[in-house]
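**Student:** mmCIF, C-alpha atoms and all ligand atoms, file coords-v9.cif:
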```cif
data_target
loop_
_atom_site.label_atom_id
_atom_site.label_comp_id
_atom_site.auth_asym_id
_atom_site.auth_seq_id
_atom_site.Cartn_x
_atom_site.Cartn_y
_atom_site.Cartn_z
CA MET Y 1 132.15 59.57 153.88
CA ILE Y 2 133.27 63.01 155.02
CA LYS Y 3 130.93 64.12 157.77
CA THR Y 4 129.50 67.66 157.75
CA ASN Y 5 130.69 70.18 160.34
CA LEU Y 6 127.91 71.58 162.54
CA CYS Y 7 130.13 74.43 163.71
CA GLY Y 8 129.61 77.34 161.32
CA MET Y 9 125.90 76.63 160.87
CA THR Y 10 123.23 79.10 161.90
CA GLU Y 11 120.24 77.95 163.96
CA GLY Y 12 118.13 77.81 160.75
CA GLU Y 13 120.75 75.73 158.96
CA ILE Y 14 120.96 73.30 161.89
CA ARG Y 15 117.16 72.98 161.83
CA ASN Y 16 117.16 72.11 158.10
CA PHE Y 17 120.18 69.84 158.34
CA ALA Y 18 119.00 67.87 161.38
CA GLY Y 19 115.31 67.98 160.43
CA CYS Y 20 114.46 69.18 163.92
CA ASN Y 21 112.36 71.97 165.42
CA TYR Y 22 113.51 75.43 166.57
CA SER Y 23 114.04 74.52 170.21
CA HIS Y 24 116.15 71.44 169.39
CA ALA Y 25 118.23 73.49 166.92
CA VAL Y 26 118.82 76.09 169.64
CA SER Y 27 119.90 73.32 172.05
CA ILE Y 28 122.40 72.02 169.49
CA ALA Y 29 123.71 75.55 168.78
CA ASN Y 30 124.04 76.25 172.51
CA SER Y 31 125.95 73.00 173.06
CA LEU Y 32 128.35 73.93 170.28
CA TYR Y 33 128.83 77.66 170.62
CA LYS Y 34 128.37 78.21 174.37
CA LYS Y 35 129.43 74.90 175.93
CA ARG Y 36 131.98 74.06 173.20
CA ILE Y 37 130.83 70.38 173.22
CA ASN Y 38 132.84 68.52 170.60
CA ASP Y 39 131.16 65.11 170.76
CA ILE Y 40 127.74 64.47 169.17
CA SER Y 41 126.86 61.87 171.84
CA LEU Y 42 127.16 64.63 174.47
CA LEU Y 43 124.87 67.16 172.75
CA GLN Y 44 122.24 68.21 175.25
CA GLY Y 45 118.48 68.81 175.08
CA ILE Y 46 117.69 66.79 171.94
CA PRO Y 47 115.85 63.49 171.39
CA LYS Y 48 117.93 60.32 171.01
CA LEU Y 49 116.74 59.86 167.41
CA ILE Y 50 118.12 63.24 166.31
CA ARG Y 51 121.39 62.59 168.14
CA GLU Y 52 121.77 59.24 166.36
CA LYS Y 53 120.99 60.79 162.98
CA LEU Y 54 123.51 63.59 163.57
CA ASN Y 55 126.11 61.06 164.68
CA GLU Y 56 125.90 59.33 161.31
CA ILE Y 57 126.22 62.41 159.11
CA SER Y 58 128.01 65.11 161.09
CA VAL Y 59 130.68 66.11 163.57
CA PRO Y 60 130.67 69.19 165.82
CA GLY Y 61 133.80 70.35 163.98
CA ILE Y 62 135.51 72.36 166.72
CA TYR Y 63 139.24 72.05 166.04
CA LYS Y 64 142.31 73.04 168.01
CA PRO Y 65 145.15 75.28 166.89
CA ALA Y 66 148.20 73.60 165.36
CA ALA Y 67 150.60 75.77 167.39
CA SER Y 68 150.69 78.67 169.83
CA GLU Y 69 153.17 81.20 171.20
CA LYS Y 70 152.75 83.22 174.36
CA SER Y 71 154.07 86.76 174.71
CA SER Y 72 155.60 88.12 177.90
CA ASP Y 73 152.55 90.46 178.15
CA GLY Y 74 150.09 87.52 178.22
CA THR Y 75 149.05 87.79 174.56
CA ILE Y 76 148.80 84.40 172.84
CA LYS Y 77 149.20 83.93 169.11
CA TYR Y 78 147.61 80.78 167.65
CA LEU Y 79 148.29 79.16 164.31
CA PHE Y 80 145.34 77.27 162.81
CA ARG Y 81 145.32 74.91 159.85
CA ASN Y 82 141.95 74.02 158.33
CA ARG Y 83 140.79 71.01 156.28
CA GLN Y 84 142.02 72.67 153.08
CA ASP Y 85 145.45 73.09 154.68
CA PHE Y 86 145.13 76.91 154.76
CA GLU Y 87 147.11 78.43 157.60
CA PHE Y 88 145.91 81.48 159.49
CA GLU Y 89 146.57 83.19 162.80
CA THR Y 90 144.47 84.30 165.74
CA VAL Y 91 145.49 86.49 168.67
CA PHE Y 92 144.12 86.20 172.21
CA LEU Y 93 144.47 89.48 174.12
CA PRO Y 94 143.55 89.31 177.81
CA ASP Y 95 143.38 92.69 179.55
CA SER Y 96 141.89 92.23 183.03
CA ARG Y 97 138.15 91.72 182.48
CA ARG Y 98 138.22 92.61 178.79
CA VAL Y 99 139.37 89.65 176.74
CA THR Y 100 139.63 90.21 173.00
CA VAL Y 101 140.20 87.72 170.23
CA CYS Y 102 141.59 89.06 166.96
CA VAL Y 103 140.42 86.74 164.18
CA SER Y 104 141.51 86.24 160.57
CA SER Y 105 139.00 86.27 157.74
CA GLN Y 106 141.33 84.92 155.05
CA SER Y 107 144.54 82.89 154.84
CA GLY Y 108 146.82 85.66 153.57
CA CYS Y 109 145.38 88.68 151.80
CA ARG Y 110 145.19 89.99 148.26
CA MET Y 111 145.10 93.71 149.03
CA GLY Y 112 148.91 94.02 148.92
CA CYS Y 113 149.55 96.80 151.46
CA PRO Y 114 153.36 97.06 151.49
CA PHE Y 115 153.63 97.87 155.22
CA CYS Y 116 151.88 94.62 156.21
CA VAL Y 117 153.49 91.19 156.47
CA THR Y 118 150.18 89.44 155.79
CA GLY Y 119 150.02 91.17 152.40
CA ARG Y 120 153.49 89.83 151.54
CA PHE Y 121 152.44 86.31 152.56
CA GLY Y 122 150.21 86.27 149.47
CA PHE Y 123 146.68 84.91 149.27
CA ARG Y 124 145.80 81.28 150.01
CA GLY Y 125 142.02 81.44 150.33
CA ASN Y 126 138.89 82.64 152.08
CA LEU Y 127 138.02 81.26 155.49
CA SER Y 128 134.55 79.81 156.00
CA ALA Y 129 132.23 81.01 158.77
CA HIS Y 130 133.19 77.74 160.47
CA ASP Y 131 136.93 78.63 160.38
CA ILE Y 132 136.21 82.14 161.66
CA VAL Y 133 133.93 81.10 164.55
CA ASN Y 134 136.29 78.24 165.46
CA GLN Y 135 139.05 80.82 166.12
CA ILE Y 136 136.96 81.90 169.12
CA ILE Y 137 135.59 78.60 170.41
CA GLY Y 138 138.60 76.42 169.49
CA ILE Y 139 141.12 78.14 171.74
CA GLN Y 140 141.92 77.71 175.41
CA ASP Y 141 139.95 80.00 177.77
CA SER Y 142 137.47 80.78 175.00
CA GLU Y 143 134.66 81.22 177.55
CA ARG Y 144 136.48 84.36 178.83
CA VAL Y 145 136.19 86.16 175.47
CA THR Y 146 134.24 89.44 175.70
CA HIS Y 147 135.24 91.15 172.42
CA VAL Y 148 136.04 90.04 168.87
CA VAL Y 149 137.93 92.10 166.31
CA PHE Y 150 138.39 91.17 162.65
CA MET Y 151 141.91 92.56 162.43
CA GLY Y 152 143.89 89.40 161.79
CA MET Y 153 144.91 88.12 158.37
CA GLY Y 154 142.82 89.15 155.39
CA GLU Y 155 140.43 91.83 154.22
CA PRO Y 156 136.96 91.05 155.67
CA MET Y 157 135.09 92.86 152.86
CA ASP Y 158 136.80 90.53 150.40
CA ASN Y 159 135.11 87.56 152.11
CA LEU Y 160 131.94 89.29 153.19
CA ASP Y 161 129.40 86.43 153.03
CA ASN Y 162 131.43 84.39 155.49
CA VAL Y 163 132.25 87.39 157.69
CA LEU Y 164 128.57 88.40 157.94
CA LYS Y 165 127.57 84.83 158.74
CA ALA Y 166 130.29 84.56 161.40
CA CYS Y 167 129.17 87.91 162.90
CA SER Y 168 125.61 86.62 163.16
CA ILE Y 169 126.75 83.40 164.90
CA ILE Y 170 129.00 85.35 167.28
CA SER Y 171 126.22 87.79 168.22
CA ALA Y 172 123.14 85.52 168.18
CA GLU Y 173 121.46 84.50 171.44
CA TRP Y 174 121.67 80.88 170.30
CA GLY Y 175 125.31 81.44 169.28
CA ILE Y 176 128.28 82.82 171.17
CA SER Y 177 126.00 85.62 172.37
CA LEU Y 178 128.37 88.62 172.34
CA SER Y 179 126.81 92.03 171.84
CA PRO Y 180 127.30 93.37 168.25
CA GLY Y 181 128.79 96.44 169.98
CA ASN Y 182 131.63 94.16 171.15
CA ILE Y 183 132.44 92.98 167.61
CA THR Y 184 134.54 95.17 165.31
CA VAL Y 185 135.28 94.53 161.66
CA SER Y 186 138.34 96.35 160.34
CA THR Y 187 138.75 97.09 156.63
CA VAL Y 188 140.91 99.02 154.19
CA GLY Y 189 137.63 99.68 152.41
CA ILE Y 190 135.70 98.04 149.59
CA THR Y 191 132.85 100.47 149.07
CA SER Y 192 130.07 98.07 148.09
CA GLY Y 193 131.08 95.69 150.89
CA ILE Y 194 130.97 98.47 153.47
CA ILE Y 195 127.47 99.50 152.40
CA ARG Y 196 126.27 95.90 152.62
CA PHE Y 197 128.01 95.40 155.96
CA LEU Y 198 126.33 98.52 157.42
CA GLU Y 199 122.94 97.34 156.22
CA GLU Y 200 123.15 93.69 157.21
CA SER Y 201 124.99 93.87 160.53
CA LYS Y 202 124.94 95.92 163.71
CA CYS Y 203 128.65 95.37 164.43
CA ASN Y 204 131.24 98.14 164.65
CA LEU Y 205 133.25 99.21 161.62
CA ALA Y 206 136.87 100.42 161.59
CA LEU Y 207 138.45 101.89 158.45
CA SER Y 208 142.26 101.64 158.19
CA LEU Y 209 143.18 105.07 156.91
CA TYR Y 210 147.01 105.47 156.93
CA SER Y 211 146.82 108.99 155.44
CA PRO Y 212 144.11 111.62 154.97
CA PHE Y 213 145.61 112.37 151.52
CA PRO Y 214 144.42 110.04 148.72
CA GLU Y 215 147.66 109.98 146.71
CA GLU Y 216 149.75 109.21 149.73
CA ARG Y 217 147.27 106.62 150.98
CA ALA Y 218 147.26 104.90 147.59
CA ARG Y 219 151.00 104.22 147.94
CA ALA Y 220 150.42 102.35 151.22
CA VAL Y 221 146.92 101.01 150.62
CA PRO Y 222 146.61 100.16 146.90
CA SER Y 223 142.82 99.65 147.15
CA GLU Y 224 142.51 103.46 147.59
CA LYS Y 225 142.67 103.85 143.80
CA LYS Y 226 139.54 101.77 143.29
CA TYR Y 227 137.76 102.53 146.55
CA PRO Y 228 138.53 106.14 147.61
CA SER Y 229 138.60 106.56 151.38
CA HIS Y 230 137.00 110.04 151.22
CA LYS Y 231 133.94 108.51 149.56
CA ILE Y 232 133.83 105.73 152.18
CA ILE Y 233 134.08 108.27 155.00
CA GLU Y 234 131.18 110.24 153.49
CA ILE Y 235 129.10 107.04 153.45
CA ILE Y 236 129.98 106.29 157.07
CA LYS Y 237 129.32 109.90 158.15
CA ASN Y 238 125.89 109.92 156.57
CA TYR Y 239 124.84 106.45 157.69
CA PRO Y 240 122.03 106.56 160.28
CA VAL Y 241 123.41 106.21 163.79
CA VAL Y 242 122.70 102.80 165.31
CA LYS Y 243 122.69 102.64 169.10
CA LYS Y 244 125.95 101.27 170.53
CA ARG Y 245 127.50 100.85 167.07
CA ARG Y 246 130.91 102.49 166.81
CA MET Y 247 132.41 103.78 163.57
CA SER Y 248 136.12 104.44 163.74
CA VAL Y 249 139.23 105.16 161.77
CA ALA Y 250 142.40 103.20 162.57
CA TYR Y 251 145.45 105.40 162.01
CA ILE Y 252 148.85 103.68 162.16
CA MET Y 253 151.37 106.38 163.09
CA ILE Y 254 154.76 106.42 161.36
CA SER Y 255 157.39 108.93 162.37
CA ASN Y 256 157.85 111.80 159.88
CA ILE Y 257 155.71 109.97 157.33
CA ASN Y 258 152.10 110.49 158.38
CA ASP Y 259 152.41 112.24 161.75
CA THR Y 260 153.18 115.81 160.58
CA GLU Y 261 151.11 118.92 161.27
CA MET Y 262 149.81 118.70 157.72
CA HIS Y 263 148.49 115.19 158.38
CA LEU Y 264 146.90 116.29 161.63
CA GLU Y 265 145.07 119.12 159.85
CA GLY Y 266 144.07 116.75 157.03
CA LEU Y 267 142.63 114.30 159.53
CA LYS Y 268 140.70 117.04 161.34
CA ASN Y 269 139.25 118.33 158.06
CA LEU Y 270 138.22 114.86 157.00
CA LEU Y 271 136.47 113.90 160.23
CA ARG Y 272 135.27 117.18 161.74
CA GLY Y 273 131.57 117.18 162.60
CA SER Y 274 131.25 113.40 162.44
CA LYS Y 275 130.85 110.78 165.15
CA ILE Y 276 133.78 108.82 163.75
CA ARG Y 277 136.36 107.98 166.40
CA VAL Y 278 140.11 107.84 165.71
CA ASN Y 279 142.21 104.97 167.09
CA LEU Y 280 145.88 105.85 166.90
CA LEU Y 281 148.12 102.80 166.58
CA PRO Y 282 151.90 102.51 166.88
CA PHE Y 283 153.63 101.27 163.71
CA HIS Y 284 155.41 97.91 163.92
CA SER Y 285 158.47 97.68 161.73
CA VAL Y 286 158.57 94.80 159.29
CA PRO Y 287 161.64 93.37 157.55
CA GLY Y 288 162.72 95.51 154.61
CA ASN Y 289 160.98 98.63 155.91
CA ASN Y 290 163.11 101.20 157.72
CA ASN Y 291 160.24 103.31 159.01
CA ILE Y 292 159.74 103.64 162.74
CA SER Y 293 156.71 104.35 164.86
CA SER Y 294 155.84 107.88 165.98
CA SER Y 295 157.01 108.52 169.52
CA PRO Y 296 154.55 108.11 172.40
CA GLU Y 297 154.77 111.90 172.92
CA ARG Y 298 153.81 112.62 169.30
CA MET Y 299 150.93 110.15 169.54
CA GLU Y 300 149.69 111.86 172.72
CA GLN Y 301 149.96 115.25 170.99
CA PHE Y 302 147.99 113.99 167.98
CA LYS Y 303 145.31 112.59 170.24
CA HIS Y 304 145.11 115.81 172.25
CA GLU Y 305 144.78 117.98 169.12
CA LEU Y 306 142.08 115.75 167.68
CA VAL Y 307 140.11 115.76 170.92
CA MET Y 308 140.45 119.56 171.18
CA SER Y 309 138.89 119.89 167.75
CA GLY Y 310 135.90 117.77 168.79
CA ILE Y 311 137.02 114.41 167.34
CA SER Y 312 137.11 111.57 169.83
CA ALA Y 313 140.45 109.80 169.77
CA SER Y 314 142.37 107.17 171.70
CA ILE Y 315 145.74 105.43 171.56
CA ARG Y 316 145.90 101.67 171.26
CA LYS Y 317 148.66 99.85 173.11
CA SER Y 318 151.02 97.48 171.32
CA ARG Y 319 150.51 93.88 172.36
CA GLY Y 320 152.36 90.68 171.59
CA ILE Y 321 155.25 92.24 169.64
CA ASP Y 322 157.74 89.59 170.86
CA VAL Y 323 155.66 86.83 169.22
CA SER Y 324 154.81 88.89 166.11
CA ALA Y 325 151.17 89.05 167.15
CA ALA Y 326 150.83 92.82 166.80
CA CYS Y 327 148.97 94.60 163.98
CA GLY Y 328 150.49 94.08 160.56
CA LEU Y 329 152.84 91.31 161.77
CA LEU Y 330 150.64 88.25 161.39
CA ALA Y 331 152.18 85.57 159.15
CA THR Y 332 155.73 86.54 160.14
CA GLY Y 333 156.44 83.08 161.45
CA MET Y 334 154.62 81.22 158.71
CA LYS Y 335 155.98 79.53 155.58
S1 LIG X 401 146.77 95.76 155.99
FE1 LIG X 401 144.92 94.44 155.93
S2 LIG X 401 144.19 94.67 153.82
FE2 LIG X 401 146.32 95.40 153.80
S3 LIG X 401 147.54 93.56 153.21
FE3 LIG X 401 147.44 93.65 155.48
S4 LIG X 401 145.71 92.32 156.01
FE4 LIG X 401 145.49 92.84 153.86
#
```
Starting from the file, give its structure as structure tokens.
**Tutor:**
Amino acid sequence: MIKTNLCGMTEGEIRNFAGCNYSHAVSIANSLYKKRINDISLLQGIPKLIREKLNEISVPGIYKPAASEKSSDGTIKYLFRNRQDFEFETVFLPDSRRVTVCVSSQSGCRMGCPFCVTGRFGFRGNLSAHDIVNQIIGIQDSERVTHVVFMGMGEPMDNLDNVLKACSIISAEWGISLSPGNITVSTVGITSGIIRFLEESKCNLALSLYSPFPEERARAVPSEKKYPSHKIIEIIKNYPVVKKRRMSVAYIMISNINDTEMHLEGLKNLLRGSKIRVNLLPFHSVPGNNNISSSPERMEQFKHELVMSGISASIRKSRGIDVSAACGLLATGMK
């Protein structure tokens, strides 16, 4: 008999599954998600009868990565393989007291953005809430994690049920207990998914823009044709402000491609008057693509101009390039 994984269950699901009350379900969830206990006999705060029942039908289900690679800057890239044999990658990014884990929501991706290695890897399958949450609690030093970003492999809005469930486990008091303001879901934009995400979660949203001009964006982000970014930005702009929730645009900067004065003006026109923040990211070259990143000076200039026009902007550092753990590079080392 294949035993059921407890990891990936909400408190309510644990209660139904174990036939226990709220406080015992919370104890089980705490043992799993906070203490990372991976042995049913060691689960704390529950009667012996429930422990014995759980032992017969379930396992905690926390599993370790199949491989890891450490960058010279301290970033660690993990390769996971789940029960279905899907491979996916996770990146651990320690930065003094802020420790971020970048999780995957799918094995591969079906959105086909040509600048991204994950897109070229093809699509293997959706990850369950269990696989997503395990990327945080199944790694070394997981208790240090302060922030989670869904910027690994996959398009989160294409696997929204599992992403929303994982977000609720990560943010719940009985779960990993991170503030929703410390969880960011990044998307190229599936309009209906974004609306549902905004309604059902309090986590941050980041839209990968690439270009303020729809035709140009459609060449790099094919989903633009079906889900226009201008429409998505209007939805985000008009969505009621939720305290501590951050809406942002991720803008990968490519020299002489999308970092011209025209692009800067386009970006200002698109975002002026909104609370949407711009995160400028360096481009990471991938095999078969001769483009290079905008220079640090050009990125600084872009940021300055945006800030001067009232749009908050910041530059994100590159991390883990030597182990292909940076944005757009996940899956480089995979078959
Ligand atoms: S950029 Fe994101 S949505 Fe596009 S192929 Fe890569 S992982 Fe998928």
**Student:** Any idea what the distance is between CA of Gly175 (chain Y) and CA of Thr10 (chain Y)?
**Tutor:**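 These atoms are spaced 8.0 Å apart.
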**Student:** Hey, what's within 10 Å of Asn126 (chain Y) if we count all atoms listed in the file and toss same-chain stuff fewer than 5 positions away? As a PyMOL selection string, please?
**Tutor:** chain Y and resi 86+104-109+131-132+154-156+158-160+162-163
**Student:** How many Å separate CA of Val185 (chain Y) from CA of Val148 (chain Y)?
**Tutor:**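 Interatomic distance, CA of Val185 (chain Y) to CA of Val148 (chain Y): 8.5 Å.
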**Student:** Using all atoms listed in the file, which residues of the polymer chains come no farther than 6 Å from ligand LIG 401 (chain X)? I'd like the answer as a CSV table (one decimal) with C-alpha atoms, in the coordinates of the input.
**Tutor:**
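Dumped everything to part-v6.csv:
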```
chain,number,residue,atom,x,y,z
Y,109,CYS,CA,145.4,88.7,151.8
Y,111,MET,CA,145.1,93.7,149.0
Y,112,GLY,CA,148.9,94.0,148.9
Y,113,CYS,CA,149.6,96.8,151.5
Y,116,CYS,CA,151.9,94.6,156.2
Y,118,THR,CA,150.2,89.4,155.8
Y,119,GLY,CA,150.0,91.2,152.4
Y,153,MET,CA,144.9,88.1,158.4
Y,154,GLY,CA,142.8,89.2,155.4
Y,155,GLU,CA,140.4,91.8,154.2
Y,188,VAL,CA,140.9,99.0,154.2
Y,328,GLY,CA,150.5,94.1,160.6
```
**Student:** Taking only C-alpha atoms into account, which of Y:Cys7, Y:Val59, Y:Leu205, Y:Leu43 comes nearest Ile232 (chain Y)?
**Tutor:**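 Looking only at the distances to Ile232 (chain Y), the closest residue turns out to be Y:Leu205.
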**Student:** Which residue gives the smallest distance to Glu305 (chain Y) among Y:Lys317, Y:Glu261, Y:Asn82, Y:Ser285, with only C-alpha atoms counted?
**Tutor:** Y:Glu261
**Student:** Using only C-alpha atoms, which of the listed residues (Y:Arg15, Y:Lys64, Y:Lys226, Y:Arg298) sits closest to Ile28 (chain Y)?
**Tutor:**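 So, comparing all the options, the nearest one is Y:Arg15.
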**Student:** Determine the nearest neighbour of His24 (chain Y) from the options Y:Arg81, Y:Arg51, Y:Arg36, Y:Arg277, counting only C-alpha atoms.
**Tutor:**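 Among Y:Arg81, Y:Arg51, Y:Arg36, Y:Arg277, it is Y:Arg51 that comes nearest to His24 (chain Y).
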**Student:** Have a look at Y:Val99, Y:Val307, Y:Ile137, Y:Leu164 and name the one nearest to Asn182 (chain Y); count only C-alpha atoms.
**Tutor:** Y:Val99
**Student:** Interatomic distance between CA of Ile14 (chain Y) and CA of Leu42 (chain Y)?
**Tutor:**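 Going from CA of Ile14 (chain Y) over to CA of Leu42 (chain Y), I get 16.5 Å.
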**Student:** For a quick check of understanding, using only C-alpha atoms, which of Y:Ile194, Y:Ala218, Y:Leu281, Y:Val101 has the smallest distance to Ser293 (chain Y)?
**Tutor:**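 Smallest separation from Ser293 (chain Y) among the options: Y:Leu281.
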**Student:** Just want the 12 Å neighbourhood of Asn21 (chain Y), counted on all atoms listed in the file, with same-chain residues fewer than 4 positions away dropped. Output as a VMD selection string.
**Tutor:** chain Y and resid 11 to 17 25 to 28 45 to 47 50
**Student:** Skipping near chain neighbours, those fewer than 6 positions away, what residues fall within 7 Å of Met253 (chain Y) using all atoms listed in the file, listed as a list in words?
**Tutor:**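 The filter keeps Asp259, Leu280, Leu281, Pro282, Phe283, Ser293 and Ser294 of chain Y.
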**Student:** For a quick check of your reading of the model, name the residues lying within 7 Å of the coordinate (150.4, 81.3, 167.8), counting all atoms listed in the file, and write them as a ChimeraX atom specification.
**Tutor:** /Y:67-69,76-79,89-90
**Student:** Would you kindly return, as a list of chain:residue names, each protein, DNA or RNA residue with an atom no farther than 8 Å from any atom of Lys34 (chain Y), considering only C-alpha atoms and excluding same-chain residues fewer than 2 positions away?
**Tutor:**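 Here the qualifying residues turn out to be Y:Ala29, Y:Asn30, Y:Ser31, Y:Leu32, Y:Arg36, Y:Glu143, Y:Gly175, Y:Ile176.
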**Student:** Is it possible to get the residues within 12 Å of (128.5, 89.6, 169.8) (coordinates as in the file, counting all atoms listed in the file) written as a PyMOL selection string?
**Tutor:** chain Y and resi 33+100-101+133+136+145-149+164+166-185+201-204+244-245
**Student:** Only N, CA and C atoms, please: region 297-317 of chain Y from the block, as a short mmCIF file (atom, residue, chain, number, x, y, z; two decimals), in the first residue's frame.
**Tutor:**
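decode19.cif was written with the following content:
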```cif
data_model
loop_
_atom_site.label_atom_id
_atom_site.label_comp_id
_atom_site.auth_asym_id
_atom_site.auth_seq_id
_atom_site.Cartn_x
_atom_site.Cartn_y
_atom_site.Cartn_z
N GLU Y 297 25.69 50.71 -15.50
CA GLU Y 297 25.44 52.17 -15.60
C GLU Y 297 24.06 52.43 -16.22
N ARG Y 298 23.75 51.69 -17.29
CA ARG Y 298 22.45 51.91 -17.95
C ARG Y 298 21.31 51.51 -17.00
N MET Y 299 21.53 50.46 -16.24
CA MET Y 299 20.49 50.03 -15.30
C MET Y 299 20.28 51.09 -14.22
N GLU Y 300 21.38 51.66 -13.74
CA GLU Y 300 21.29 52.74 -12.73
C GLU Y 300 20.53 53.94 -13.29
N GLN Y 301 20.85 54.27 -14.57
CA GLN Y 301 20.20 55.41 -15.24
C GLN Y 301 18.69 55.18 -15.36
N PHE Y 302 18.34 53.97 -15.78
CA PHE Y 302 16.93 53.58 -15.92
C PHE Y 302 16.21 53.75 -14.58
N LYS Y 303 16.85 53.22 -13.56
CA LYS Y 303 16.26 53.28 -12.23
C LYS Y 303 16.06 54.74 -11.81
N HIS Y 304 17.11 55.54 -12.01
CA HIS Y 304 17.05 56.95 -11.62
C HIS Y 304 15.90 57.66 -12.33
N GLU Y 305 15.80 57.45 -13.64
CA GLU Y 305 14.75 58.12 -14.43
C GLU Y 305 13.35 57.69 -13.97
N LEU Y 306 13.22 56.42 -13.65
CA LEU Y 306 11.91 55.94 -13.20
C LEU Y 306 11.55 56.58 -11.86
N VAL Y 307 12.53 56.59 -10.97
CA VAL Y 307 12.28 57.16 -9.63
C VAL Y 307 11.95 58.65 -9.75
N MET Y 308 12.67 59.35 -10.65
CA MET Y 308 12.42 60.79 -10.83
C MET Y 308 11.01 61.06 -11.36
N SER Y 309 10.45 60.07 -12.06
CA SER Y 309 9.09 60.30 -12.56
C SER Y 309 8.04 59.71 -11.60
N GLY Y 310 8.47 59.39 -10.39
CA GLY Y 310 7.51 58.99 -9.35
C GLY Y 310 7.22 57.50 -9.31
N ILE Y 311 8.01 56.70 -10.04
CA ILE Y 311 7.78 55.24 -10.04
C ILE Y 311 8.87 54.60 -9.19
N SER Y 312 8.49 53.83 -8.18
CA SER Y 312 9.56 53.27 -7.36
C SER Y 312 10.23 52.12 -8.11
N ALA Y 313 11.55 52.10 -8.02
CA ALA Y 313 12.32 51.14 -8.82
C ALA Y 313 13.55 50.68 -8.06
N SER Y 314 13.97 49.45 -8.31
CA SER Y 314 15.21 48.96 -7.70
C SER Y 314 15.89 48.01 -8.67
N ILE Y 315 17.16 47.74 -8.39
CA ILE Y 315 17.93 46.83 -9.25
C ILE Y 315 18.20 45.55 -8.46
N ARG Y 316 17.90 44.43 -9.07
CA ARG Y 316 18.18 43.16 -8.39
C ARG Y 316 19.53 42.62 -8.80
N LYS Y 317 20.28 42.15 -7.80
CA LYS Y 317 21.62 41.62 -8.07
C LYS Y 317 21.51 40.25 -8.73
#
```
